[in-house]
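The next block holds one structure in the form of structure tokens; read it before the comments.
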Amino acid sequence: MSLQGKLALVTGSGRGIGRAIALKLASQGMNIIVNYFRHRESAEQTAKDIESLGAKAEVIRANVGDPEKIDEMFDMIGSKFGCLDILINNAASGVGRPVADIDVKAWEWTMDINARALLLCAQRAAKLMEGRGGKIVSISSLGSRFVLPNYTVVGVSKAALEALTRYLAIELAPQNICVNTVAASAVETEALKFYFKEGLVKDSSQLTPAGRMVVPEDVANVVAFLCSEEAFMIRGQTIIVDGGTSVGLFALAGK
Ligand SMILES: NC(=O)c1ccc[n+]([C@@H]2O[C@H](COP(=O)([O-])OP(=O)(O)OC[C@H]3O[C@@H](n4cnc5c(N)ncnc54)[C@H](OP(=O)(O)O)[C@@H]3O)[C@@H](O)[C@H]2O)c1
């Protein structure tokens with residue numbers, strides 16, 4: 001599948017990593033549906049930037065934590081375009097609290113947006129990909145397998161996302177849909193500012209074997225590869241983009 005002229009939905013692509021993914025795919029000739037929840041201006045700016053790359057952009061507001069809003073979004077995509085080639089499940093939210101302070105509301109909010117949204121979006125996307133195949137790529141974090149401070153609910157939601165990726169990869173394979181996830185270490189975005197204080201970001205930069213922090217474009221590059229035909233035989237995987245941080249933990253412990 002050449003990316004030229006294909007249609008991609010990137011959830012949460014007004015800002016941060018989602019925006020970088022949207023621009024990367026647009027730079028390869030794809031038309032992009034920019035989904036956002038709260039920040040309309042950022043989403044409209046992303047759409048303008050996509051158009052300045054020569055691609056088409058459509059902005060759709062939808063809270064992916066709400067099943068009805070997901071349905072409305074896909075109804076709109078179905079009636080306007082009639083198909084979809086790529087779903088990038090990037091949008092995420094979460095409550096940063098120690099285990100003792102996690103209540104049902106915090107758990108459900110985080111799980112609904114970060115994990116359940118993949119299930120519901122993939123179900124609807126697969127119908128729009130019928131007869132043409134497609135790609136589904138989600139964004140996860142190292143917190144799915146490593147313990148990070150105050151990251152419990154988000155980490156568990158990302159573990160669910162990665163497990164769901166494996167099931168979707170098998171069940172959607174007969175429809176020629178490739179499903180994978182990209183998991184990043186700390187990436188400099190607003191979400192990172194929320195979870196880590198300034199000092200920790202600097203430390204993490206020094207601890208990255210690659211010598212710098214991961215930037216949104218690093219994640220976008222791998223997502224674009226997973227959307228390409230060259231990645232056809234990669235299924236149900238979680239590809240880590242962390243500059244070597246996770247495999248170098250012990251080697252770097254003395255630094
Ligand atoms: N930053 C990191 O260090 C890091 C590391 C590893 C993985 N990740 C993952 O990478 C992805 C993007 O993170 P980021 O750092 O770019 O986050 P970010 O800067 O906080 O942006 C979050 C994006 O998700 C959207 N969003 C949030 N809740 C939504 C909802 N309920 N419905 C629809 N859209 C929603 C936001 O849209 P609005 O602004 O319109 O609300 C925004 O575009 C996430 O899956 C995150 O877990 C991030």
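By order in the structure tokens, chains are A, B, ...; within a chain, residues start at 1; ligands start at 1, following the order shown.
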DSSP says strand (DSSP E or B) for which residues of range 46-151 of chain A? Put them as a PDB file with N, CA, C and O atoms, in the first residue's frame?
```
ATOM      1  N   ALA A  57      -6.863  18.015   4.850  1.00  0.00           N
ATOM      2  CA  ALA A  57      -7.068  17.809   6.294  1.00  0.00           C
ATOM      3  C   ALA A  57      -8.524  18.047   6.645  1.00  0.00           C
ATOM      4  O   ALA A  57      -9.177  18.927   6.082  1.00  0.00           O
ATOM      5  N   GLU A  58      -9.016  17.248   7.586  1.00  0.00           N
ATOM      6  CA  GLU A  58     -10.382  17.395   8.104  1.00  0.00           C
ATOM      7  C   GLU A  58     -10.272  17.364   9.628  1.00  0.00           C
ATOM      8  O   GLU A  58      -9.591  16.494  10.185  1.00  0.00           O
ATOM      9  N   VAL A  59     -10.901  18.317  10.303  1.00  0.00           N
ATOM     10  CA  VAL A  59     -10.815  18.366  11.768  1.00  0.00           C
ATOM     11  C   VAL A  59     -12.118  17.829  12.367  1.00  0.00           C
ATOM     12  O   VAL A  59     -13.196  18.262  11.990  1.00  0.00           O
ATOM     13  N   ILE A  60     -12.003  16.873  13.274  1.00  0.00           N
ATOM     14  CA  ILE A  60     -13.201  16.335  13.936  1.00  0.00           C
ATOM     15  C   ILE A  60     -13.004  16.326  15.454  1.00  0.00           C
ATOM     16  O   ILE A  60     -12.037  15.746  15.963  1.00  0.00           O
ATOM     17  N   ARG A  61     -13.935  16.961  16.164  1.00  0.00           N
ATOM     18  CA  ARG A  61     -13.886  16.921  17.629  1.00  0.00           C
ATOM     19  C   ARG A  61     -14.580  15.666  18.123  1.00  0.00           C
ATOM     20  O   ARG A  61     -15.712  15.371  17.724  1.00  0.00           O
ATOM     21  N   ILE A  86      -5.845   4.150   7.433  1.00  0.00           N
ATOM     22  CA  ILE A  86      -4.949   4.060   8.587  1.00  0.00           C
ATOM     23  C   ILE A  86      -5.609   4.688   9.817  1.00  0.00           C
ATOM     24  O   ILE A  86      -6.202   5.765   9.726  1.00  0.00           O
ATOM     25  N   LEU A  87      -5.510   3.977  10.934  1.00  0.00           N
ATOM     26  CA  LEU A  87      -5.953   4.539  12.223  1.00  0.00           C
ATOM     27  C   LEU A  87      -4.732   4.638  13.128  1.00  0.00           C
ATOM     28  O   LEU A  87      -4.067   3.633  13.382  1.00  0.00           O
ATOM     29  N   ILE A  88      -4.446   5.851  13.599  1.00  0.00           N
ATOM     30  CA  ILE A  88      -3.390   6.028  14.595  1.00  0.00           C
ATOM     31  C   ILE A  88      -4.069   6.359  15.918  1.00  0.00           C
ATOM     32  O   ILE A  88      -4.668   7.429  16.082  1.00  0.00           O
ATOM     33  N   ASN A  89      -3.988   5.429  16.845  1.00  0.00           N
ATOM     34  CA  ASN A  89      -4.638   5.574  18.147  1.00  0.00           C
ATOM     35  C   ASN A  89      -3.634   6.215  19.115  1.00  0.00           C
ATOM     36  O   ASN A  89      -2.898   5.507  19.809  1.00  0.00           O
ATOM     37  N   GLY A 134      -5.577  -2.310   5.717  1.00  0.00           N
ATOM     38  CA  GLY A 134      -5.268  -1.092   6.456  1.00  0.00           C
ATOM     39  C   GLY A 134      -4.212  -1.306   7.514  1.00  0.00           C
ATOM     40  O   GLY A 134      -3.643  -2.405   7.637  1.00  0.00           O
ATOM     41  N   LYS A 135      -3.945  -0.242   8.245  1.00  0.00           N
ATOM     42  CA  LYS A 135      -2.942  -0.277   9.325  1.00  0.00           C
ATOM     43  C   LYS A 135      -3.546   0.393  10.553  1.00  0.00           C
ATOM     44  O   LYS A 135      -4.206   1.432  10.439  1.00  0.00           O
ATOM     45  N   ILE A 136      -3.273  -0.204  11.697  1.00  0.00           N
ATOM     46  CA  ILE A 136      -3.660   0.417  12.966  1.00  0.00           C
ATOM     47  C   ILE A 136      -2.412   0.474  13.836  1.00  0.00           C
ATOM     48  O   ILE A 136      -1.771  -0.551  14.081  1.00  0.00           O
ATOM     49  N   VAL A 137      -2.054   1.677  14.266  1.00  0.00           N
ATOM     50  CA  VAL A 137      -0.876   1.835  15.123  1.00  0.00           C
ATOM     51  C   VAL A 137      -1.276   2.643  16.352  1.00  0.00           C
ATOM     52  O   VAL A 137      -1.885   3.711  16.231  1.00  0.00           O
ATOM     53  N   SER A 138      -0.944   2.126  17.533  1.00  0.00           N
ATOM     54  CA  SER A 138      -1.223   2.842  18.781  1.00  0.00           C
ATOM     55  C   SER A 138       0.069   3.366  19.384  1.00  0.00           C
ATOM     56  O   SER A 138       1.163   2.915  19.029  1.00  0.00           O
ATOM     57  N   ILE A 139      -0.084   4.295  20.325  1.00  0.00           N
ATOM     58  CA  ILE A 139       1.090   4.840  21.008  1.00  0.00           C
ATOM     59  C   ILE A 139       1.028   4.459  22.480  1.00  0.00           C
ATOM     60  O   ILE A 139       0.059   4.748  23.190  1.00  0.00           O
ATOM     61  N   SER A 140       2.096   3.811  22.924  1.00  0.00           N
ATOM     62  CA  SER A 140       2.188   3.382  24.318  1.00  0.00           C
ATOM     63  C   SER A 140       3.420   4.020  24.963  1.00  0.00           C
ATOM     64  O   SER A 140       4.059   4.893  24.370  1.00  0.00           O
ATOM     65  N   SER A 141       3.721   3.581  26.168  1.00  0.00           N
ATOM     66  CA  SER A 141       4.871   4.145  26.871  1.00  0.00           C
ATOM     67  C   SER A 141       5.595   3.047  27.651  1.00  0.00           C
ATOM     68  O   SER A 141       5.058   1.954  27.855  1.00  0.00           O
TER      69      SER A 141
END
```
Which residues of chain A have any atom within 8 Å of an atom in ligand 1 when counting only C-alpha atoms and all ligand atoms, and what is the closest pair of atoms for each, with the distance in Å to one decimal? Order the rows by chain and rising number and write it as a Markdown table.
```
| residue | atom | partner | partner_atom_place_in_ligand_line | distance |
| --- | --- | --- | --- | --- |
| A:Thr11 | CA | ligand 1 | 34 (N) | 5.8 |
| A:Gly12 | CA | ligand 1 | 43 (O) | 3.5 |
| A:Ser13 | CA | ligand 1 | 43 (O) | 4.7 |
| A:Gly14 | CA | ligand 1 | 43 (O) | 4.6 |
| A:Arg15 | CA | ligand 1 | 43 (O) | 4.4 |
| A:Gly16 | CA | ligand 1 | 16 (O) | 3.4 |
| A:Ile17 | CA | ligand 1 | 16 (O) | 3.8 |
| A:Gly18 | CA | ligand 1 | 16 (O) | 5.6 |
| A:Arg19 | CA | ligand 1 | 43 (O) | 7.2 |
| A:Asn35 | CA | ligand 1 | 34 (N) | 6.5 |
| A:Tyr36 | CA | ligand 1 | 40 (O) | 3.8 |
| A:Phe37 | CA | ligand 1 | 40 (O) | 3.7 |
| A:Arg38 | CA | ligand 1 | 41 (O) | 3.7 |
| A:His39 | CA | ligand 1 | 40 (O) | 3.8 |
| A:Arg40 | CA | ligand 1 | 40 (O) | 6.1 |
| A:Ser42 | CA | ligand 1 | 39 (O) | 7.2 |
| A:Ala43 | CA | ligand 1 | 40 (O) | 6.8 |
| A:Arg61 | CA | ligand 1 | 33 (C) | 7.5 |
| A:Ala62 | CA | ligand 1 | 33 (C) | 5.6 |
| A:Asn63 | CA | ligand 1 | 32 (N) | 3.5 |
| A:Val64 | CA | ligand 1 | 32 (N) | 4.0 |
| A:Gly65 | CA | ligand 1 | 31 (N) | 4.9 |
| A:Asp66 | CA | ligand 1 | 31 (N) | 7.5 |
| A:Asn89 | CA | ligand 1 | 45 (O) | 7.4 |
| A:Asn90 | CA | ligand 1 | 45 (O) | 4.5 |
| A:Ala91 | CA | ligand 1 | 24 (O) | 3.7 |
| A:Ala92 | CA | ligand 1 | 45 (O) | 4.4 |
| A:Ser93 | CA | ligand 1 | 28 (N) | 4.8 |
| A:Ile113 | CA | ligand 1 | 31 (N) | 5.4 |
| A:Asn114 | CA | ligand 1 | 45 (O) | 7.0 |
| A:Ser138 | CA | ligand 1 | 45 (O) | 7.4 |
| A:Ile139 | CA | ligand 1 | 45 (O) | 4.7 |
| A:Ser140 | CA | ligand 1 | 7 (C) | 4.9 |
| A:Ser141 | CA | ligand 1 | 6 (C) | 3.9 |
| A:Leu142 | CA | ligand 1 | 6 (C) | 6.6 |
| A:Gly143 | CA | ligand 1 | 6 (C) | 7.9 |
| A:Val154 | CA | ligand 1 | 47 (O) | 7.7 |
| A:Lys158 | CA | ligand 1 | 47 (O) | 7.6 |
| A:Ala183 | CA | ligand 1 | 7 (C) | 6.0 |
| A:Ala184 | CA | ligand 1 | 6 (C) | 4.2 |
| A:Ser185 | CA | ligand 1 | 5 (C) | 5.0 |
| A:Ala186 | CA | ligand 1 | 3 (O) | 3.5 |
| A:Val187 | CA | ligand 1 | 3 (O) | 3.6 |
| A:Glu188 | CA | ligand 1 | 1 (N) | 5.6 |
| A:Thr189 | CA | ligand 1 | 15 (O) | 4.7 |
| A:Glu190 | CA | ligand 1 | 19 (O) | 4.5 |
| A:Ala191 | CA | ligand 1 | 20 (O) | 3.9 |
| A:Leu192 | CA | ligand 1 | 3 (O) | 4.6 |
| A:Pro216 | CA | ligand 1 | 16 (O) | 7.4 |
```
Shell of 10 Å around Tyr167 in chain A, only C-alpha atoms, local chain residues under 5 positions omitted, as a ChimeraX atom specification:
/A:162,172-173,179,236
Between CA of Val95 in chain A and CA of Gly248 in chain A, what is the distance, to one decimal in Å?
28.3 Å
Could you list, as number ranges by chain, every residue within 6 Å of range 115-121 of chain A, counting only C-alpha atoms and ignoring same-chain residues fewer than 2 positions away?
A: 64, 111-113, 123-125, 157, 161
Could you write out the selected residues, including N, CA, C and O atoms, as an mmCIF file, in the first residue's frame?
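That gives us part12.cif:
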```
data_model
loop_
_atom_site.group_PDB
_atom_site.id
_atom_site.type_symbol
_atom_site.label_atom_id
_atom_site.label_comp_id
_atom_site.auth_asym_id
_atom_site.auth_seq_id
_atom_site.Cartn_x
_atom_site.Cartn_y
_atom_site.Cartn_z
ATOM 1 N N VAL A 64 -12.540 10.515 22.754
ATOM 2 C CA VAL A 64 -12.450 9.076 22.479
ATOM 3 C C VAL A 64 -12.715 8.226 23.726
ATOM 4 O O VAL A 64 -12.748 7.003 23.650
ATOM 5 N N MET A 111 -8.673 4.372 31.729
ATOM 6 C CA MET A 111 -8.812 3.151 30.926
ATOM 7 C C MET A 111 -9.700 3.395 29.701
ATOM 8 O O MET A 111 -9.438 2.864 28.621
ATOM 9 N N ASP A 112 -10.750 4.191 29.868
ATOM 10 C CA ASP A 112 -11.679 4.429 28.756
ATOM 11 C C ASP A 112 -10.986 5.161 27.605
ATOM 12 O O ASP A 112 -11.178 4.825 26.429
ATOM 13 N N ILE A 113 -10.187 6.173 27.952
ATOM 14 C CA ILE A 113 -9.532 6.965 26.897
ATOM 15 C C ILE A 113 -8.325 6.216 26.325
ATOM 16 O O ILE A 113 -8.096 6.203 25.114
ATOM 17 N N GLN A 123 -12.767 -1.369 15.949
ATOM 18 C CA GLN A 123 -13.973 -2.042 15.438
ATOM 19 C C GLN A 123 -14.591 -1.240 14.290
ATOM 20 O O GLN A 123 -14.937 -1.785 13.245
ATOM 21 N N ARG A 124 -14.697 0.084 14.515
ATOM 22 C CA ARG A 124 -15.306 0.920 13.479
ATOM 23 C C ARG A 124 -14.364 1.098 12.285
ATOM 24 O O ARG A 124 -14.789 1.100 11.134
ATOM 25 N N ALA A 125 -13.062 1.270 12.564
ATOM 26 C CA ALA A 125 -12.085 1.470 11.477
ATOM 27 C C ALA A 125 -12.036 0.238 10.577
ATOM 28 O O ALA A 125 -11.971 0.358 9.348
ATOM 29 N N SER A 157 -3.182 1.005 31.791
ATOM 30 C CA SER A 157 -3.958 1.229 30.557
ATOM 31 C C SER A 157 -3.095 0.959 29.321
ATOM 32 O O SER A 157 -3.577 0.438 28.314
ATOM 33 N N LEU A 161 -3.507 -1.756 26.349
ATOM 34 C CA LEU A 161 -3.405 -1.343 24.935
ATOM 35 C C LEU A 161 -2.489 -2.286 24.156
ATOM 36 O O LEU A 161 -2.795 -2.712 23.040
#
```
My list of candidates is A:Ile33, A:Ala26, A:Ile177, A:Leu168. Which is closest to Ser52 in chain A when distances are computed with only C-alpha atoms?
A:Ala26
